[in-house]
Amino acid sequence: VTEATQPFLRALAGEPVWPPPVWLMRQAGRYLAEYKATRSEAGSFLELCYKPDLAAEVTLQPIRRFGFDAAILFSDILVVPHALGQDLWFEEGEGPRLAPDLATAPVSSLMRATDRLNPIYETVRTLRAKLPATTPLIGFAGSPWTVATYMIEGKGSKDHGRARLMAYADREKFAEIIGAITAQTITYLSRQIEAGAQAVQLFDSWCGVLAPAQFEAWVLGPTRQIVSALKGAHPLVPIIGFPRGCGPKLSVYAQETGVDAVGIDETMDLAWAIAQVPRDMAVQGNLDPLTLIAGGRALEGAVAAILRAGKGRPFVFNLGHGIGQTTPVANVERLMQLVRAG
Ligand code: CP3
């Protein structure tokens with residue numbers, strides 16, 4: 001099976017495929033009973049990420065159930081800080097914790113532990129053997145800015161104030177952190193590709209909080225660096241950038257980073273977003289995850305509007321952000337009917 005038979009890869013290559021290929025961010029997760037069962041078998045979320053057979057299993061679960069046009073590796077963006085030497089754990093009901101936080105600790109105090117990523121490459125190899133030949137596998141990483149917010153704050157935060165402050169108050173230290181993440185991310189994504197990932201996505205979930213000059217320095221610069229390194233080694237593997245919340249900075253992101261496709265969040269009007277990017281660049285998005293929880297008319301209306309905006313150009317149907325934990329499976333089934341009907 002070649003690219004020619006895979007709608008997702010064709011769309012990323014610039015072809016207007018219709019009905020559009022569809023996958024959902026966080027498509028493996030707690031809204032699925034089978035995910036919760038496998039997660040408790042693994043012991044914890046992080047152990048699930050590092051057990052290749054079980055991580056491959058949860059990657060496959062949503063493919064079996066819904067027949068999405070792409071699978072996304074099951075892992076987390078925070079395994080990169082773990083590989084850089086921070087301790088990482090998830091507090092039940094609260095979210096990630098990283099220690100020591102780099103607001104206080106120096107970068108030099110971290111002892112690299114890059115072996116921690118080896119099981120993830122094994123998951124990718126396992127998946128390529130187990131996935132249907134018609135279902136491409138997406139690898140991913142967080143973007144340096146988004147990952148840096150967690151490394152500096154030591155947890156998720158509302159406004160990323162400590163990370164943004166460090167970029168002004170101690171630019172040298174901040175640049176060192178971004179540089180370390182960028183280098184590790186290039187290796188991490190290259191190795192995912194070498195193990196069999198056929199496309200990669202960079203999640204920049206928190207780029208929307210940056211002032212323009214900071215966006216230029218810490219989003220555009222490092223993204224360009226990652227894209228050019230990956231393109232040098234793997235020119236044919238498409239890269240999707242997801243600059244969540246970037247608003248009017250979308251056009252500069254789409255034109256100056258070198259990405260092949262852009263993910264659009266639900267706050268943007270899709271037709272407006274499409275007008276900001278080159279005509280042959282694939283756009284991915286942008287259903288509000290809450291409409292998928294609500295279902296019914298709200299879901300039907302929102303899907304129809306997105307299909308109208310995406311028709312006739314390279315487009316991948318997705319959510320504007322990760323699927324919610326309380327999403328009814330029946331609504332995902334309904335979504336698939338609606339998208340398949342074009
Ligand atoms: O899309 C997929 O199905 C692939 C897997 C994936 C996960 N996280 C699994 C996960 C991906 C691509 C991510 C990306 C990720 N992780 C991002 C960027 C995208 C986004 O959502 O903004 C971020 C910021 C993280 C960091 C992270 N991981 C947080 C803040 C949390 C806790 C919040 C929560 O929902 O509990 C996680 C945990 C996490 N990552 C879960 C899953 C399925 C839930 C863990 C569980 O099973 O309890």
# chains A, B, ... in the order shown; residues from 1 in each chain; ligands from 1

call {"tool": "residues_near_ligand", "arguments": {"ligand": "ligand 1", "cutoff": "6 Å", "atoms": "only C-alpha atoms and all ligand atoms", "output": "list in words"}}
result
Met25, Arg26, Gln27, Ala28, Gly29, Arg30, Phe45, Ile72, Leu73, Phe74, Ser75, Asp76, Ile77, Gly95, Pro96, Gly156, Phe203, Ser205 and Gly322 of chain A

call {"tool": "closest_atom_pairs", "arguments": {"of": "segment 35-86 of chain A", "to": "segment 188-193 of chain A", "cutoff": "10 Å", "atoms": "only C-alpha atoms", "output": "CSV"}}
result
residue,atom,partner,partner_atom,distance
A:Leu73,CA,A:Gln192,CA,9.4
A:Val79,CA,A:Tyr188,CA,9.9
A:Val80,CA,A:Tyr188,CA,8.0
A:Ala83,CA,A:Tyr188,CA,9.8

call {"tool": "closest_residue", "arguments": {"among": "A:Arg64, A:Arg10, A:Arg244, A:Lys155", "to": "Met281 of chain A", "atoms": "only C-alpha atoms"}}
result
A:Arg10

call {"tool": "select_by_dssp", "arguments": {"residues": "segment 29-249 of chain A", "states": "strand (DSSP E or B)", "output": "PyMOL selection string"}}
result
chain A and resi 71-72+87-91+95-99+137-142+155+199-203+239-242

call {"tool": "atom_distance", "arguments": {"atom1": "atom CA of Lys36 of chain A", "atom2": "atom CA of Phe68 of chain A"}}
result
19.8 Å

call {"tool": "residues_around", "arguments": {"residues": "Val262 of chain A", "least_positions_apart": "4", "cutoff": "12 Å", "atoms": "only C-alpha atoms", "output": "compact mmCIF listing (two decimals) with N, CA and C atoms, in the first residue's frame"}}
result
# COMPACT_ATOMS: atom_id res chain seq x y z
N ALA A 11 -3.95 14.10 1.56
CA ALA A 11 -4.38 15.45 1.95
C ALA A 11 -3.18 16.27 2.44
N LEU A 12 -2.31 15.64 3.24
CA LEU A 12 -1.14 16.38 3.73
C LEU A 12 -0.21 16.77 2.59
N GLY A 14 -1.21 17.84 -0.15
CA GLY A 14 -1.79 18.97 -0.87
C GLY A 14 -2.96 18.63 -1.76
N VAL A 200 4.40 13.55 11.38
CA VAL A 200 4.56 13.96 12.77
C VAL A 200 3.80 15.25 13.03
N GLN A 201 3.34 15.41 14.26
CA GLN A 201 2.67 16.64 14.65
C GLN A 201 3.39 17.27 15.84
N LEU A 202 3.59 18.59 15.74
CA LEU A 202 4.17 19.37 16.83
C LEU A 202 3.03 20.09 17.55
N PHE A 203 2.82 19.76 18.83
CA PHE A 203 1.75 20.37 19.62
C PHE A 203 2.28 21.63 20.30
N ASP A 204 1.80 22.80 19.88
CA ASP A 204 2.17 24.02 20.60
C ASP A 204 0.94 24.58 21.30
N PRO A 238 5.63 14.28 6.16
CA PRO A 238 4.94 15.55 6.41
C PRO A 238 4.92 15.92 7.90
N ILE A 239 4.98 17.23 8.13
CA ILE A 239 4.99 17.76 9.49
C ILE A 239 3.77 18.68 9.65
N ILE A 240 2.96 18.37 10.67
CA ILE A 240 1.80 19.20 10.99
C ILE A 240 2.17 20.07 12.19
N GLY A 241 2.01 21.38 12.06
CA GLY A 241 2.19 22.27 13.20
C GLY A 241 0.83 22.60 13.79
N PHE A 242 0.73 22.58 15.12
CA PHE A 242 -0.54 22.91 15.77
C PHE A 242 -0.31 24.07 16.74
N PRO A 243 -0.37 25.30 16.21
CA PRO A 243 -0.12 26.48 17.05
C PRO A 243 -1.41 26.93 17.72
N ARG A 244 -1.83 26.17 18.72
CA ARG A 244 -3.13 26.40 19.35
C ARG A 244 -3.22 27.80 19.95
N CYS A 246 -3.03 30.66 18.39
CA CYS A 246 -2.10 31.66 17.83
C CYS A 246 -2.84 32.82 17.18
N LEU A 250 -1.34 33.17 12.74
CA LEU A 250 -1.40 31.95 11.92
C LEU A 250 -0.65 32.10 10.60
N SER A 251 -0.83 33.24 9.92
CA SER A 251 -0.25 33.31 8.57
C SER A 251 1.27 33.31 8.64
N VAL A 252 1.85 34.00 9.61
CA VAL A 252 3.31 33.99 9.72
C VAL A 252 3.80 32.59 10.13
N TYR A 253 3.05 31.93 11.01
CA TYR A 253 3.42 30.56 11.41
C TYR A 253 3.39 29.64 10.20
N ALA A 254 2.32 29.73 9.40
CA ALA A 254 2.17 28.83 8.24
C ALA A 254 3.24 29.10 7.19
N GLN A 255 3.62 30.38 7.05
CA GLN A 255 4.55 30.70 5.96
C GLN A 255 6.01 30.67 6.35
N GLU A 256 6.32 30.76 7.63
CA GLU A 256 7.74 30.91 7.99
C GLU A 256 8.35 29.74 8.73
N THR A 257 7.56 28.74 9.09
CA THR A 257 8.16 27.63 9.85
C THR A 257 8.55 26.45 8.98
N GLY A 258 7.98 26.35 7.78
CA GLY A 258 8.29 25.22 6.91
C GLY A 258 7.39 24.02 7.10
N LEU A 270 -12.95 28.77 10.47
CA LEU A 270 -12.13 27.94 9.57
C LEU A 270 -11.91 28.60 8.21
N ALA A 273 -9.22 31.09 8.64
CA ALA A 273 -7.92 30.42 8.79
C ALA A 273 -7.39 29.97 7.43
N ILE A 274 -8.27 29.39 6.63
CA ILE A 274 -7.87 28.89 5.31
C ILE A 274 -7.35 30.03 4.44
N GLN A 276 -5.69 32.47 5.40
CA GLN A 276 -4.39 32.94 5.90
C GLN A 276 -3.22 32.10 5.40
N VAL A 277 -3.50 30.89 4.89
CA VAL A 277 -2.40 29.96 4.61
C VAL A 277 -2.29 29.73 3.10
N PRO A 278 -1.11 29.31 2.63
CA PRO A 278 -0.97 29.03 1.19
C PRO A 278 -2.04 28.05 0.69
N ASP A 280 -2.11 25.57 -1.28
CA ASP A 280 -1.87 24.12 -1.36
C ASP A 280 -1.46 23.53 -0.01
N MET A 281 -1.52 24.32 1.05
CA MET A 281 -1.14 23.79 2.37
C MET A 281 -2.36 23.17 3.05
N ALA A 282 -2.20 21.93 3.52
CA ALA A 282 -3.31 21.27 4.19
C ALA A 282 -3.62 21.96 5.52
N VAL A 283 -4.92 22.00 5.81
CA VAL A 283 -5.41 22.58 7.06
C VAL A 283 -6.15 21.46 7.80
N GLN A 284 -5.99 21.41 9.12
CA GLN A 284 -6.59 20.35 9.92
C GLN A 284 -7.39 20.97 11.07
N GLY A 285 -8.61 20.49 11.26
CA GLY A 285 -9.39 20.99 12.39
C GLY A 285 -10.87 20.90 12.12
N ASN A 286 -11.59 21.70 12.79
CA ASN A 286 -11.36 22.42 14.04
C ASN A 286 -12.64 22.41 14.88
N PRO A 314 -7.01 20.96 0.27
CA PRO A 314 -6.47 19.91 1.14
C PRO A 314 -6.89 20.13 2.59
N PHE A 315 -7.59 19.15 3.15
CA PHE A 315 -8.21 19.34 4.46
C PHE A 315 -8.26 18.01 5.21
N VAL A 316 -8.00 18.07 6.50
CA VAL A 316 -8.11 16.91 7.39
C VAL A 316 -9.09 17.28 8.49
N PHE A 317 -10.13 16.50 8.66
CA PHE A 317 -11.11 16.78 9.71
C PHE A 317 -10.53 16.36 11.06
N ASN A 318 -10.66 17.24 12.06
CA ASN A 318 -10.18 16.93 13.41
C ASN A 318 -10.94 17.82 14.38
N GLY A 320 -10.67 20.85 17.45
CA GLY A 320 -9.82 22.02 17.67
C GLY A 320 -8.88 21.83 18.85

call {"tool": "residues_around", "arguments": {"residues": "segment 98-111 of chain A", "least_positions_apart": "4", "cutoff": "10 Å", "atoms": "only C-alpha atoms", "output": "PyMOL selection string"}}
result
chain A and resi 78+81-90+148-156+162-163+165-166+173-174+176-177+180

call {"tool": "closest_residue", "arguments": {"among": "A:Glu194, A:Asp288, A:Glu15, A:Glu41", "to": "Arg128 of chain A", "atoms": "only C-alpha atoms"}}
result
A:Glu194

call {"tool": "select_by_dssp", "arguments": {"residues": "segment 121-316 of chain A", "states": "alpha helix (DSSP H)", "output": "PyMOL selection string"}}
result
chain A and resi 121-130+144-153+161-169+171-195+212-215+221-233+250-256+270-276+289-294+296-310

call {"tool": "atom_distance", "arguments": {"atom1": "atom CA of Asp260 of chain A", "atom2": "atom CA of Ser228 of chain A"}}
result
11.6 Å

call {"tool": "closest_residue", "arguments": {"among": "A:Asp159, A:Glu333, A:Glu47, A:Glu172", "to": "Cys207 of chain A", "atoms": "only C-alpha atoms"}}
result
A:Asp159

call {"tool": "residues_around", "arguments": {"residues": "Ala183 of chain A", "least_positions_apart": "2", "cutoff": "10 Å", "atoms": "only C-alpha atoms", "output": "ChimeraX atom specification"}}
result
/A:144,178-181,185-188,222,225-226,229

call {"tool": "closest_residue", "arguments": {"among": "A:Leu24, A:Val219, A:Ala33, A:Cys49", "to": "Pro289 of chain A", "atoms": "only C-alpha atoms"}}
result
A:Leu24
